[in-house]
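Have a look at start21.csv below; it lists CSV, C-alpha atoms.
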chain,number,residue,atom,x,y,z
A,13,MET,CA,-11.3,24.6,6.1
A,14,GLN,CA,-14.5,24.1,4.1
A,15,THR,CA,-12.4,23.5,1.0
A,16,LEU,CA,-10.5,20.7,2.7
A,17,LEU,CA,-13.7,19.2,4.2
A,18,ARG,CA,-15.2,18.7,0.7
A,19,TYR,CA,-12.5,16.2,-0.1
A,20,PHE,CA,-13.5,14.1,2.9
A,21,LYS,CA,-17.3,14.5,2.6
A,22,GLY,CA,-17.7,11.0,1.1
A,23,SER,CA,-15.3,9.4,3.6
A,24,LEU,CA,-17.1,11.0,6.6
A,25,SER,CA,-20.5,9.8,5.2
A,26,LEU,CA,-19.1,6.3,4.8
A,27,LEU,CA,-17.7,6.4,8.4
A,28,LEU,CA,-21.2,7.3,9.8
A,29,LEU,CA,-22.8,4.4,7.8
A,30,GLY,CA,-20.0,2.1,8.8
A,31,LEU,CA,-20.5,2.9,12.5
A,32,ALA,CA,-24.2,2.3,12.2
A,33,ALA,CA,-23.6,-1.0,10.5
A,34,ALA,CA,-21.0,-2.0,13.1
A,35,TRP,CA,-23.6,-1.3,15.9
A,36,TRP,CA,-26.1,-3.5,14.2
A,37,LEU,CA,-23.5,-6.3,13.6
A,38,GLY,CA,-22.3,-6.0,17.1
A,39,GLU,CA,-25.8,-6.5,18.5
A,40,SER,CA,-26.6,-9.3,16.0
A,41,PHE,CA,-23.5,-11.3,16.8
A,42,GLY,CA,-23.5,-10.7,20.5
A,43,LEU,CA,-20.3,-8.6,20.4
A,44,GLY,CA,-21.9,-5.4,21.7
A,45,GLY,CA,-22.7,-2.5,19.6
A,46,ALA,CA,-20.4,0.0,21.3
A,47,ARG,CA,-17.5,-2.4,21.2
A,48,ALA,CA,-18.0,-3.1,17.5
A,49,MET,CA,-18.1,0.6,16.7
A,50,PHE,CA,-14.9,1.1,18.7
A,51,VAL,CA,-13.1,-1.6,16.8
A,52,VAL,CA,-14.2,-0.1,13.5
A,53,LEU,CA,-12.8,3.3,14.6
A,54,ILE,CA,-9.5,1.7,15.6
A,55,LEU,CA,-9.2,-0.3,12.4
A,56,SER,CA,-9.9,2.8,10.3
A,57,VAL,CA,-7.2,4.8,12.1
A,58,LEU,CA,-4.8,1.8,11.8
A,59,GLU,CA,-5.5,1.5,8.0
A,60,ILE,CA,-4.9,5.3,7.5
A,61,SER,CA,-1.7,5.2,9.4
A,62,LEU,CA,-0.4,2.2,7.6
A,63,SER,CA,-1.5,3.5,4.1
A,64,PHE,CA,-0.7,7.2,4.4
A,65,ASP,CA,2.5,6.6,2.4
A,66,ASN,CA,0.4,4.6,-0.1
A,67,ALA,CA,-1.7,7.8,-0.7
A,68,VAL,CA,1.5,9.7,-1.4
A,69,VAL,CA,2.7,7.1,-3.9
A,70,ASN,CA,-0.7,6.9,-5.5
A,71,ALA,CA,-0.7,10.6,-6.0
A,72,THR,CA,2.8,10.4,-7.6
A,73,VAL,CA,1.4,8.0,-10.2
A,74,LEU,CA,-2.0,9.6,-10.6
A,75,LYS,CA,-0.7,13.1,-11.3
A,76,ASP,CA,0.6,11.9,-14.6
A,77,MET,CA,-2.5,9.9,-15.5
A,78,ASP,CA,-5.2,11.3,-17.7
A,79,ALA,CA,-8.5,12.2,-16.2
A,80,VAL,CA,-10.4,9.2,-17.5
A,81,TRP,CA,-8.0,6.6,-15.9
A,82,ARG,CA,-7.6,8.7,-12.8
A,83,ARG,CA,-11.4,8.5,-12.3
A,84,ARG,CA,-11.4,4.8,-13.0
A,85,PHE,CA,-8.9,4.2,-10.3
A,86,MET,CA,-10.8,6.3,-7.9
A,87,THR,CA,-14.0,4.3,-8.6
A,88,TRP,CA,-13.2,0.8,-9.8
A,89,GLY,CA,-9.9,0.7,-8.0
A,90,MET,CA,-11.6,1.6,-4.7
A,91,LEU,CA,-14.1,-1.2,-5.2
A,92,ILE,CA,-11.3,-3.7,-5.8
A,93,ALA,CA,-9.3,-2.3,-2.9
A,94,VAL,CA,-12.1,-2.3,-0.4
A,95,PHE,CA,-14.1,-5.5,-1.3
A,96,GLY,CA,-11.5,-7.4,-3.4
A,97,MET,CA,-8.4,-7.1,-1.3
A,98,ARG,CA,-9.9,-6.8,2.1
A,99,VAL,CA,-12.8,-9.2,1.9
A,100,ILE,CA,-12.7,-11.5,-1.2
A,101,PHE,CA,-8.9,-12.1,-1.3
A,102,PRO,CA,-8.6,-13.2,2.4
A,103,VAL,CA,-11.5,-15.6,1.8
A,104,LEU,CA,-9.7,-17.1,-1.2
A,105,ILE,CA,-6.5,-17.5,0.8
A,106,VAL,CA,-8.3,-19.4,3.5
A,107,ALA,CA,-10.0,-21.5,0.8
A,108,VAL,CA,-6.6,-22.5,-0.7
A,109,VAL,CA,-4.9,-23.1,2.7
A,110,ALA,CA,-7.8,-25.1,4.1
A,111,GLY,CA,-8.5,-27.0,0.8
A,112,ILE,CA,-12.2,-25.9,0.7
A,113,SER,CA,-14.4,-23.9,-1.6
A,114,PRO,CA,-14.6,-20.1,-1.4
A,115,TRP,CA,-18.2,-20.5,-0.2
A,116,GLY,CA,-17.0,-22.9,2.5
A,117,ALA,CA,-14.3,-20.4,3.5
A,118,LEU,CA,-17.0,-17.6,3.8
A,119,GLN,CA,-19.2,-19.9,5.9
A,120,MET,CA,-16.2,-20.6,8.1
A,121,ALA,CA,-15.6,-16.8,8.5
A,122,VAL,CA,-19.2,-16.4,9.7
A,123,GLN,CA,-19.8,-19.6,11.7
A,124,GLN,CA,-16.2,-20.3,13.0
A,125,PRO,CA,-14.4,-16.9,13.0
A,126,ALA,CA,-11.7,-18.2,15.4
A,127,VAL,CA,-10.8,-21.1,13.0
A,128,TYR,CA,-11.0,-18.7,10.0
A,129,ALA,CA,-8.6,-16.2,11.7
A,130,ALA,CA,-6.2,-19.0,12.6
A,131,THR,CA,-6.2,-20.4,9.0
A,132,LEU,CA,-5.6,-16.9,7.5
A,133,THR,CA,-2.8,-16.1,10.0
A,134,SER,CA,-1.1,-19.4,9.2
A,135,ALA,CA,-0.6,-18.1,5.7
A,136,HIS,CA,1.3,-15.0,7.0
A,137,VAL,CA,4.7,-16.3,5.7
A,138,VAL,CA,3.4,-16.6,2.2
A,139,VAL,CA,1.6,-13.2,2.3
A,140,ALA,CA,4.6,-11.5,3.8
A,141,GLY,CA,6.9,-13.0,1.2
A,142,PHE,CA,4.8,-11.8,-1.7
A,143,GLY,CA,3.9,-8.4,-0.4
A,144,GLY,CA,7.2,-7.6,1.2
A,145,THR,CA,9.2,-8.5,-2.0
A,146,PHE,CA,6.9,-6.3,-4.2
A,147,LEU,CA,7.2,-3.4,-1.8
A,148,LEU,CA,11.0,-3.9,-1.5
A,149,MET,CA,11.2,-3.6,-5.3
A,150,VAL,CA,9.1,-0.4,-5.3
A,151,PHE,CA,11.5,1.0,-2.7
A,152,LEU,CA,14.6,0.0,-4.5
A,153,LYS,CA,13.4,1.2,-7.9
A,154,PHE,CA,12.8,4.7,-6.5
A,155,PHE,CA,16.2,5.2,-4.9
A,156,LEU,CA,18.2,3.3,-7.5
A,157,ASP,CA,17.1,5.6,-10.2
A,158,LYS,CA,20.1,7.0,-12.1
A,159,GLU,CA,18.1,10.0,-13.2
A,160,LYS,CA,17.0,10.9,-9.7
A,161,ASP,CA,18.4,14.4,-8.9
A,162,ILE,CA,16.5,15.5,-5.8
A,163,HIS,CA,17.9,13.9,-2.7
A,164,TRP,CA,16.5,14.3,0.9
A,165,ILE,CA,19.2,12.3,2.8
A,166,ARG,CA,22.0,13.0,0.3
A,167,LEU,CA,24.6,10.9,2.1
A,168,LEU,CA,22.6,7.8,1.4
A,169,GLU,CA,20.6,8.6,-1.7
A,170,ALA,CA,23.3,10.1,-3.9
A,171,PRO,CA,25.4,6.9,-3.9
A,172,LEU,CA,22.3,4.8,-4.4
A,173,SER,CA,21.4,6.8,-7.5
A,174,LYS,CA,24.9,6.3,-8.9
A,175,VAL,CA,24.7,2.5,-8.2
A,176,GLY,CA,21.4,2.5,-10.1
A,177,ARG,CA,23.4,2.8,-13.3
A,178,MET,CA,24.1,-0.9,-13.0
A,179,GLN,CA,21.5,-2.8,-14.9
A,180,ALA,CA,19.0,-4.7,-12.8
A,181,PHE,CA,21.0,-4.1,-9.6
A,182,GLU,CA,17.7,-3.7,-7.6
A,183,ILE,CA,16.8,-7.3,-8.6
A,184,ALA,CA,20.1,-8.5,-7.3
A,185,LEU,CA,19.6,-6.7,-4.0
A,186,CYS,CA,16.1,-8.1,-3.7
A,187,LEU,CA,17.3,-11.7,-4.3
A,188,LEU,CA,20.0,-11.2,-1.7
A,189,ALA,CA,17.4,-10.0,0.8
A,190,ILE,CA,15.3,-13.1,0.1
A,191,TYR,CA,18.3,-15.4,0.5
A,192,LEU,CA,19.3,-13.8,3.9
A,193,MET,CA,15.7,-13.8,5.2
A,194,ASN,CA,15.3,-17.4,4.2
A,195,GLY,CA,18.2,-18.5,6.5
A,196,TRP,CA,16.3,-17.1,9.5
A,197,LEU,CA,13.1,-19.1,8.9
A,198,PRO,CA,12.3,-22.6,10.3
A,199,GLN,CA,12.9,-25.3,7.8
A,200,ALA,CA,9.2,-26.0,7.1
A,201,GLU,CA,8.6,-22.3,6.1
A,202,ARG,CA,11.6,-21.7,3.9
A,203,LEU,CA,10.2,-23.1,0.6
A,204,PRO,CA,6.8,-21.3,0.9
A,205,PHE,CA,8.6,-18.1,1.7
A,206,VAL,CA,11.0,-18.3,-1.2
A,207,LEU,CA,8.3,-19.3,-3.7
A,208,SER,CA,5.9,-16.5,-2.6
A,209,SER,CA,8.8,-14.0,-2.6
A,210,LEU,CA,9.8,-15.0,-6.2
A,211,ALA,CA,6.1,-14.6,-7.2
A,212,GLY,CA,6.2,-11.1,-5.7
A,213,LEU,CA,9.4,-10.3,-7.6
A,214,MET,CA,8.0,-11.7,-10.9
A,215,THR,CA,4.8,-9.8,-10.4
A,216,TYR,CA,6.7,-6.5,-10.1
A,217,ILE,CA,8.9,-7.3,-13.1
A,218,VAL,CA,5.8,-8.2,-15.2
A,219,VAL,CA,3.9,-5.1,-14.2
A,220,ASP,CA,6.9,-2.8,-14.6
A,221,GLY,CA,7.8,-4.4,-17.8
A,222,PHE,CA,4.3,-4.2,-19.1
A,223,SER,CA,4.3,-0.5,-18.5
A,224,ALA,CA,7.6,-0.1,-20.4
A,225,LEU,CA,6.2,-2.2,-23.2
A,226,LEU,CA,3.1,-0.1,-23.6
A,227,GLU,CA,5.1,3.1,-23.4
A,228,GLY,CA,7.4,1.8,-26.1
A,229,GLU,CA,4.5,1.0,-28.4
A,230,ASN,CA,3.0,4.5,-28.0
A,231,ASP,CA,5.4,6.0,-30.6
A,232,GLY,CA,3.4,6.9,-33.7
A,233,VAL,CA,0.0,6.0,-32.3
A,234,ALA,CA,-2.9,8.4,-31.6
A,235,ASP,CA,-2.7,10.3,-28.3
A,236,THR,CA,-5.9,8.7,-27.0
A,237,VAL,CA,-4.5,5.2,-27.6
A,238,ALA,CA,-1.2,6.2,-25.9
A,239,LEU,CA,-3.0,7.6,-22.9
A,240,ALA,CA,-5.2,4.5,-22.6
A,241,ARG,CA,-2.1,2.2,-22.7
A,242,THR,CA,-0.2,4.3,-20.1
A,243,GLY,CA,-3.3,4.6,-17.9
A,244,LEU,CA,-3.9,0.8,-18.0
A,245,SER,CA,-0.3,0.1,-16.9
A,246,SER,CA,-0.5,2.6,-14.1
A,247,PHE,CA,-3.8,1.2,-13.0
A,248,LEU,CA,-2.4,-2.3,-12.7
A,249,TYR,CA,0.7,-1.0,-10.9
A,250,LEU,CA,-1.4,0.8,-8.3
A,251,GLU,CA,-3.8,-2.2,-7.7
A,252,VAL,CA,-0.9,-4.6,-7.0
A,253,LEU,CA,0.7,-1.9,-4.8
A,254,ASP,CA,-2.5,-1.5,-2.8
A,255,ALA,CA,-2.7,-5.3,-2.5
A,256,SER,CA,0.8,-5.4,-1.1
A,257,PHE,CA,0.0,-2.7,1.4
A,258,SER,CA,-3.3,-4.3,2.5
A,259,PHE,CA,-2.2,-7.9,3.1
A,260,ASP,CA,-0.5,-7.3,6.4
A,261,GLY,CA,-3.2,-5.0,7.6
A,262,VAL,CA,-5.9,-7.6,6.9
A,263,ILE,CA,-4.1,-10.3,8.9
A,264,GLY,CA,-3.2,-7.9,11.7
A,265,ALA,CA,-6.9,-6.8,12.0
A,266,PHE,CA,-7.8,-10.2,13.5
A,267,ALA,CA,-5.9,-9.1,16.6
A,268,LEU,CA,-8.8,-6.8,17.3
A,269,SER,CA,-11.8,-8.8,16.0
A,270,ASN,CA,-12.6,-12.1,14.4
A,271,ASN,CA,-15.7,-10.8,12.6
A,272,ILE,CA,-14.9,-10.6,8.9
A,273,PHE,CA,-17.7,-8.0,8.4
A,274,ILE,CA,-16.5,-5.6,11.1
A,275,ILE,CA,-13.0,-5.9,9.8
A,276,ALA,CA,-14.1,-5.1,6.3
A,277,ILE,CA,-16.0,-2.1,7.5
A,278,GLY,CA,-13.1,-0.7,9.5
A,279,LEU,CA,-10.5,-1.3,6.8
A,280,GLY,CA,-12.9,-0.1,4.1
A,281,VAL,CA,-13.6,3.2,5.9
A,282,GLY,CA,-9.8,3.7,6.3
A,283,ALA,CA,-9.2,3.0,2.7
A,284,MET,CA,-11.9,5.6,1.7
A,285,PHE,CA,-10.0,8.2,3.8
A,286,VAL,CA,-6.8,7.2,2.0
A,287,ARG,CA,-8.6,7.7,-1.3
A,288,SER,CA,-9.7,11.2,-0.1
A,289,LEU,CA,-6.1,12.0,0.8
A,290,THR,CA,-4.9,10.9,-2.6
A,291,ILE,CA,-7.4,13.2,-4.4
A,292,LEU,CA,-6.3,16.0,-2.1
A,293,PHE,CA,-2.6,15.5,-2.8
A,294,VAL,CA,-3.2,15.4,-6.6
A,295,GLU,CA,-5.6,18.4,-6.9
A,296,LYS,CA,-3.7,20.6,-4.5
A,297,GLY,CA,-0.3,19.7,-6.0
A,298,THR,CA,1.0,18.7,-2.5
A,299,LEU,CA,3.9,16.7,-3.9
A,300,ASP,CA,5.2,19.8,-5.8
A,301,GLN,CA,4.8,22.0,-2.7
A,302,PHE,CA,6.7,19.6,-0.4
A,303,ARG,CA,9.6,18.2,-2.4
A,304,TYR,CA,10.7,15.5,0.2
A,305,LEU,CA,7.3,14.2,1.0
A,306,GLU,CA,7.6,11.6,-1.7
A,307,HIS,CA,10.9,10.5,-0.3
A,308,GLY,CA,9.4,10.0,3.1
A,309,ALA,CA,6.7,7.8,1.6
A,310,PHE,CA,9.2,5.6,-0.2
A,311,TYR,CA,11.3,5.3,3.0
A,312,ALA,CA,8.1,4.2,4.8
A,313,ILE,CA,7.5,1.6,2.0
A,314,GLY,CA,11.0,0.2,2.5
A,315,ALA,CA,10.4,0.1,6.3
A,316,LEU,CA,7.1,-1.8,5.7
A,317,ALA,CA,8.8,-4.3,3.4
A,318,ALA,CA,11.5,-4.9,6.1
A,319,ILE,CA,8.8,-5.3,8.8
A,320,MET,CA,6.8,-7.8,6.7
A,321,TYR,CA,10.0,-9.8,6.2
A,322,LEU,CA,11.0,-9.7,9.9
A,323,GLY,CA,7.4,-10.4,10.9
A,324,THR,CA,7.8,-13.9,9.6
A,325,VAL,CA,10.1,-14.7,12.5
A,326,HIS,CA,8.9,-12.3,15.2
A,327,HIS,CA,5.6,-10.6,15.6
A,328,ILE,CA,5.8,-6.8,15.2
A,329,SER,CA,2.8,-4.8,16.3
A,330,GLU,CA,0.9,-2.9,13.6
A,331,VAL,CA,1.1,0.2,15.9
A,332,VAL,CA,4.9,0.1,15.6
A,333,THR,CA,4.5,-0.2,11.8
A,334,GLY,CA,2.2,2.7,11.6
A,335,LEU,CA,4.4,4.9,13.9
A,336,ILE,CA,7.5,4.2,11.8
A,337,GLY,CA,5.6,5.1,8.5
A,338,ALA,CA,4.1,8.2,10.1
A,339,GLY,CA,7.6,9.2,11.4
A,340,PHE,CA,9.1,9.1,7.9
A,341,ILE,CA,6.2,11.2,6.6
A,342,VAL,CA,6.4,13.8,9.3
A,343,LEU,CA,10.2,14.1,9.1
A,344,SER,CA,10.1,14.5,5.3
A,345,LEU,CA,7.3,17.1,5.7
A,346,LEU,CA,9.4,19.1,8.1
A,347,ALA,CA,12.4,18.9,5.9
A,348,SER,CA,10.3,20.2,3.0
A,349,LEU,CA,9.1,23.1,5.0
A,350,ARG,CA,12.6,24.0,6.0
A,351,HIS,CA,13.7,23.8,2.4
A,352,ASN,CA,10.8,26.1,1.4
A,353,ARG,CA,11.9,28.7,4.0
A,354,HIS,CA,15.5,28.7,2.7
A,355,HIS,CA,14.5,28.6,-1.0
A,356,PRO,CA,11.3,30.6,-1.3
A,357,THR,CA,11.6,31.0,-5.1
A,358,GLN,CA,11.7,27.2,-5.5
A,359,ALA,CA,8.7,26.8,-3.2
Just give me the structure of the file as structure tokens.
Amino acid sequence: MQTLLRYFKGSLSLLLLGLAAAWWLGESFGLGGARAMFVVLILSVLEISLSFDNAVVNATVLKDMDAVWRRRFMTWGMLIAVFGMRVIFPVLIVAVVAGISPWGALQMAVQQPAVYAATLTSAHVVVAGFGGTFLLMVFLKFFLDKEKDIHWIRLLEAPLSKVGRMQAFEIALCLLAIYLMNGWLPQAERLPFVLSSLAGLMTYIVVDGFSALLEGENDGVADTVALARTGLSSFLYLEVLDASFSFDGVIGAFALSNNIFIIAIGLGVGAMFVRSLTILFVEKGTLDQFRYLEHGAFYAIGALAAIMYLGTVHHISEVVTGLIGAGFIVLSLLASLRHNRHHPTQA
């Protein structure tokens, strides 16, 4: 138990500081200290439930990164994730949508939180298009891998792996999903959805292609240079992935509070616990011990991508999203335990 607790020491400390800050903010803004603390706790739990699969995917990438880039992701990456994606980026979205400066958007968040929340929520179609498409490509890339030889739901995954031999088939499926989803949207929202979805698709292609480019240039170069190039491409991939995960959570958080600072504290604490889980998974070799856990995480990513798409035409509660993701994780964990019992030598 003490060994496990050491992974969460920093997260628990941040939680205590966050609750204290939430109490002060609640009293200062007239929201009530106890209510502000409760909202922070709910947002933290919501962030963990929505991003648990993100921790598994992060661990999948991090286990192959060198120690230097792994440490950079856990420090710089966390600063970008907590402050960049959950505070600065929403302010920039509001600034663009409202046609004002970022400072003006920040003032709006403090002085007119209801207007700020409404403006940010109005950009949901664009956010869902970008984030949903990027996550959909992550999901398809994993299951359409022709070299994938471990299958959890074999009836579905084995045929997908064979279809993956077709060049760029995942892009064709993604474009089909965008086309079908576009037909359900109101006329005024179709162009913004398509443009943002194409931006998400292009971002994935560039990040994935950049990784392949750097790996191709590693032949014949020093090991340190090769590790640096691989680490940089993985770092960029993880940052965009985290952004795609966080978009919907940031917008959904306004259902609980309009205060940008309380939202940042709650989501930031949750993101810190996700970081602790990622470190635990990497150092304990959790993915090697539970062979289907990674599959469950990618199924959860596919479900989140579908929910982000469907959320453009009908509101879907973040609680439902979190339960679906957690369901895939739990089922894959149970399947892994059953496999370990039947194949103890492999376990």
Ala130 in chain A: which residues within 10 Å, counting all atoms listed in the file, same-chain residues fewer than 2 positions away excluded, as a PyMOL selection string?
chain A and resi 106+125-128+132-135+263+266+270
I'd like to know which of A:Ser246, A:Ser56, A:Ser25, A:Ser63 is closest to Thr290 in chain A, using all atoms listed in the file.
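Ranking A:Ser246, A:Ser56, A:Ser25, A:Ser63 by distance to Thr290 in chain A, first place goes to A:Ser63.
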Give me the residues within 12 Å of Gln199 in chain A as a list in words, counting only C-alpha atoms and dropping any in the same chain fewer than 6 places off.
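Answer for this query is Phe205, Val206 and Val325 of chain A.
The protein and nucleic acid residues lying at most 12 Å from Leu28 in chain A are Lys21, Gly22, Ser23, Leu24, Ser25, Leu31, Ala32, Ala33, Ala34, Trp35, Met49, Val52, Leu53, Ile277, Gly278 and Val281 of chain A, with all atoms listed in the file considered and sequence neighbours fewer than 3 positions away removed.
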Same residues, C-alpha atoms, saved as a PDB file, in the coordinates of the input:
ATOM      1  CA  LYS A  21     -17.300  14.500   2.600  1.00  0.00           C
ATOM      2  CA  GLY A  22     -17.700  11.000   1.100  1.00  0.00           C
ATOM      3  CA  SER A  23     -15.300   9.400   3.600  1.00  0.00           C
ATOM      4  CA  LEU A  24     -17.100  11.000   6.600  1.00  0.00           C
ATOM      5  CA  SER A  25     -20.500   9.800   5.200  1.00  0.00           C
ATOM      6  CA  LEU A  31     -20.500   2.900  12.500  1.00  0.00           C
ATOM      7  CA  ALA A  32     -24.200   2.300  12.200  1.00  0.00           C
ATOM      8  CA  ALA A  33     -23.600  -1.000  10.500  1.00  0.00           C
ATOM      9  CA  ALA A  34     -21.000  -2.000  13.100  1.00  0.00           C
ATOM     10  CA  TRP A  35     -23.600  -1.300  15.900  1.00  0.00           C
ATOM     11  CA  MET A  49     -18.100   0.600  16.700  1.00  0.00           C
ATOM     12  CA  VAL A  52     -14.200  -0.100  13.500  1.00  0.00           C
ATOM     13  CA  LEU A  53     -12.800   3.300  14.600  1.00  0.00           C
ATOM     14  CA  ILE A 277     -16.000  -2.100   7.500  1.00  0.00           C
ATOM     15  CA  GLY A 278     -13.100  -0.700   9.500  1.00  0.00           C
ATOM     16  CA  VAL A 281     -13.600   3.200   5.900  1.00  0.00           C
TER      17      VAL A 281
END
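Excluding Met178 in chain A itself and same-chain residues fewer than 3 positions from it, the residues having an atom within 10 Å of it are Leu156, Asp157, Lys158, Ser173, Lys174, Val175, Phe181 and Glu182 of chain A, counting only C-alpha atoms.
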Between A:Val218, A:His136, A:Ser288, A:Glu306, single out the one closest to His327 in chain A, counting all atoms listed in the file.
A:His136
Can you pull out every residue within 12 Å of Ile313 in chain A, counting only C-alpha atoms, but drop anything in the same chain fewer than 6 positions away, and send it as a ChimeraX atom specification?
/A:62-69,143-155,253-254,256-257,306-307,319-320,333-334,336-338,340-341
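Going from CA of Ala255 in chain A over to CA of Met97 in chain A, you cover 6.1 Å.
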Atom pair CA of Leu305 in chain A / CA of Phe222 in chain A: separation (Å)
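Pair CA of Leu305 in chain A / CA of Phe222 in chain A returns 27.4 Å.
CA of Ser258 in chain A lies 10.6 Å from CA of Gly280 in chain A.
Of the residues under consideration (A:Tyr19, A:Leu335, A:Leu185, A:His326), A:Tyr19 shows the shortest atom-to-atom contact distance to Leu292 in chain A when counting only C-alpha atoms.
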Which of A:Ala211, A:Met284, A:Leu167, A:Leu55 sits closest to Leu91 in chain A [using all atoms listed in the file]:
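Looking at the shortest contact to Leu91 in chain A, the residue is A:Met284.
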Pick from A:Ala129, A:Met86, A:Leu74, A:Val294: nearest to Ala110 in chain A, with all atoms listed in the file counted?
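Closest residue, counting all atoms listed in the file: A:Ala129.
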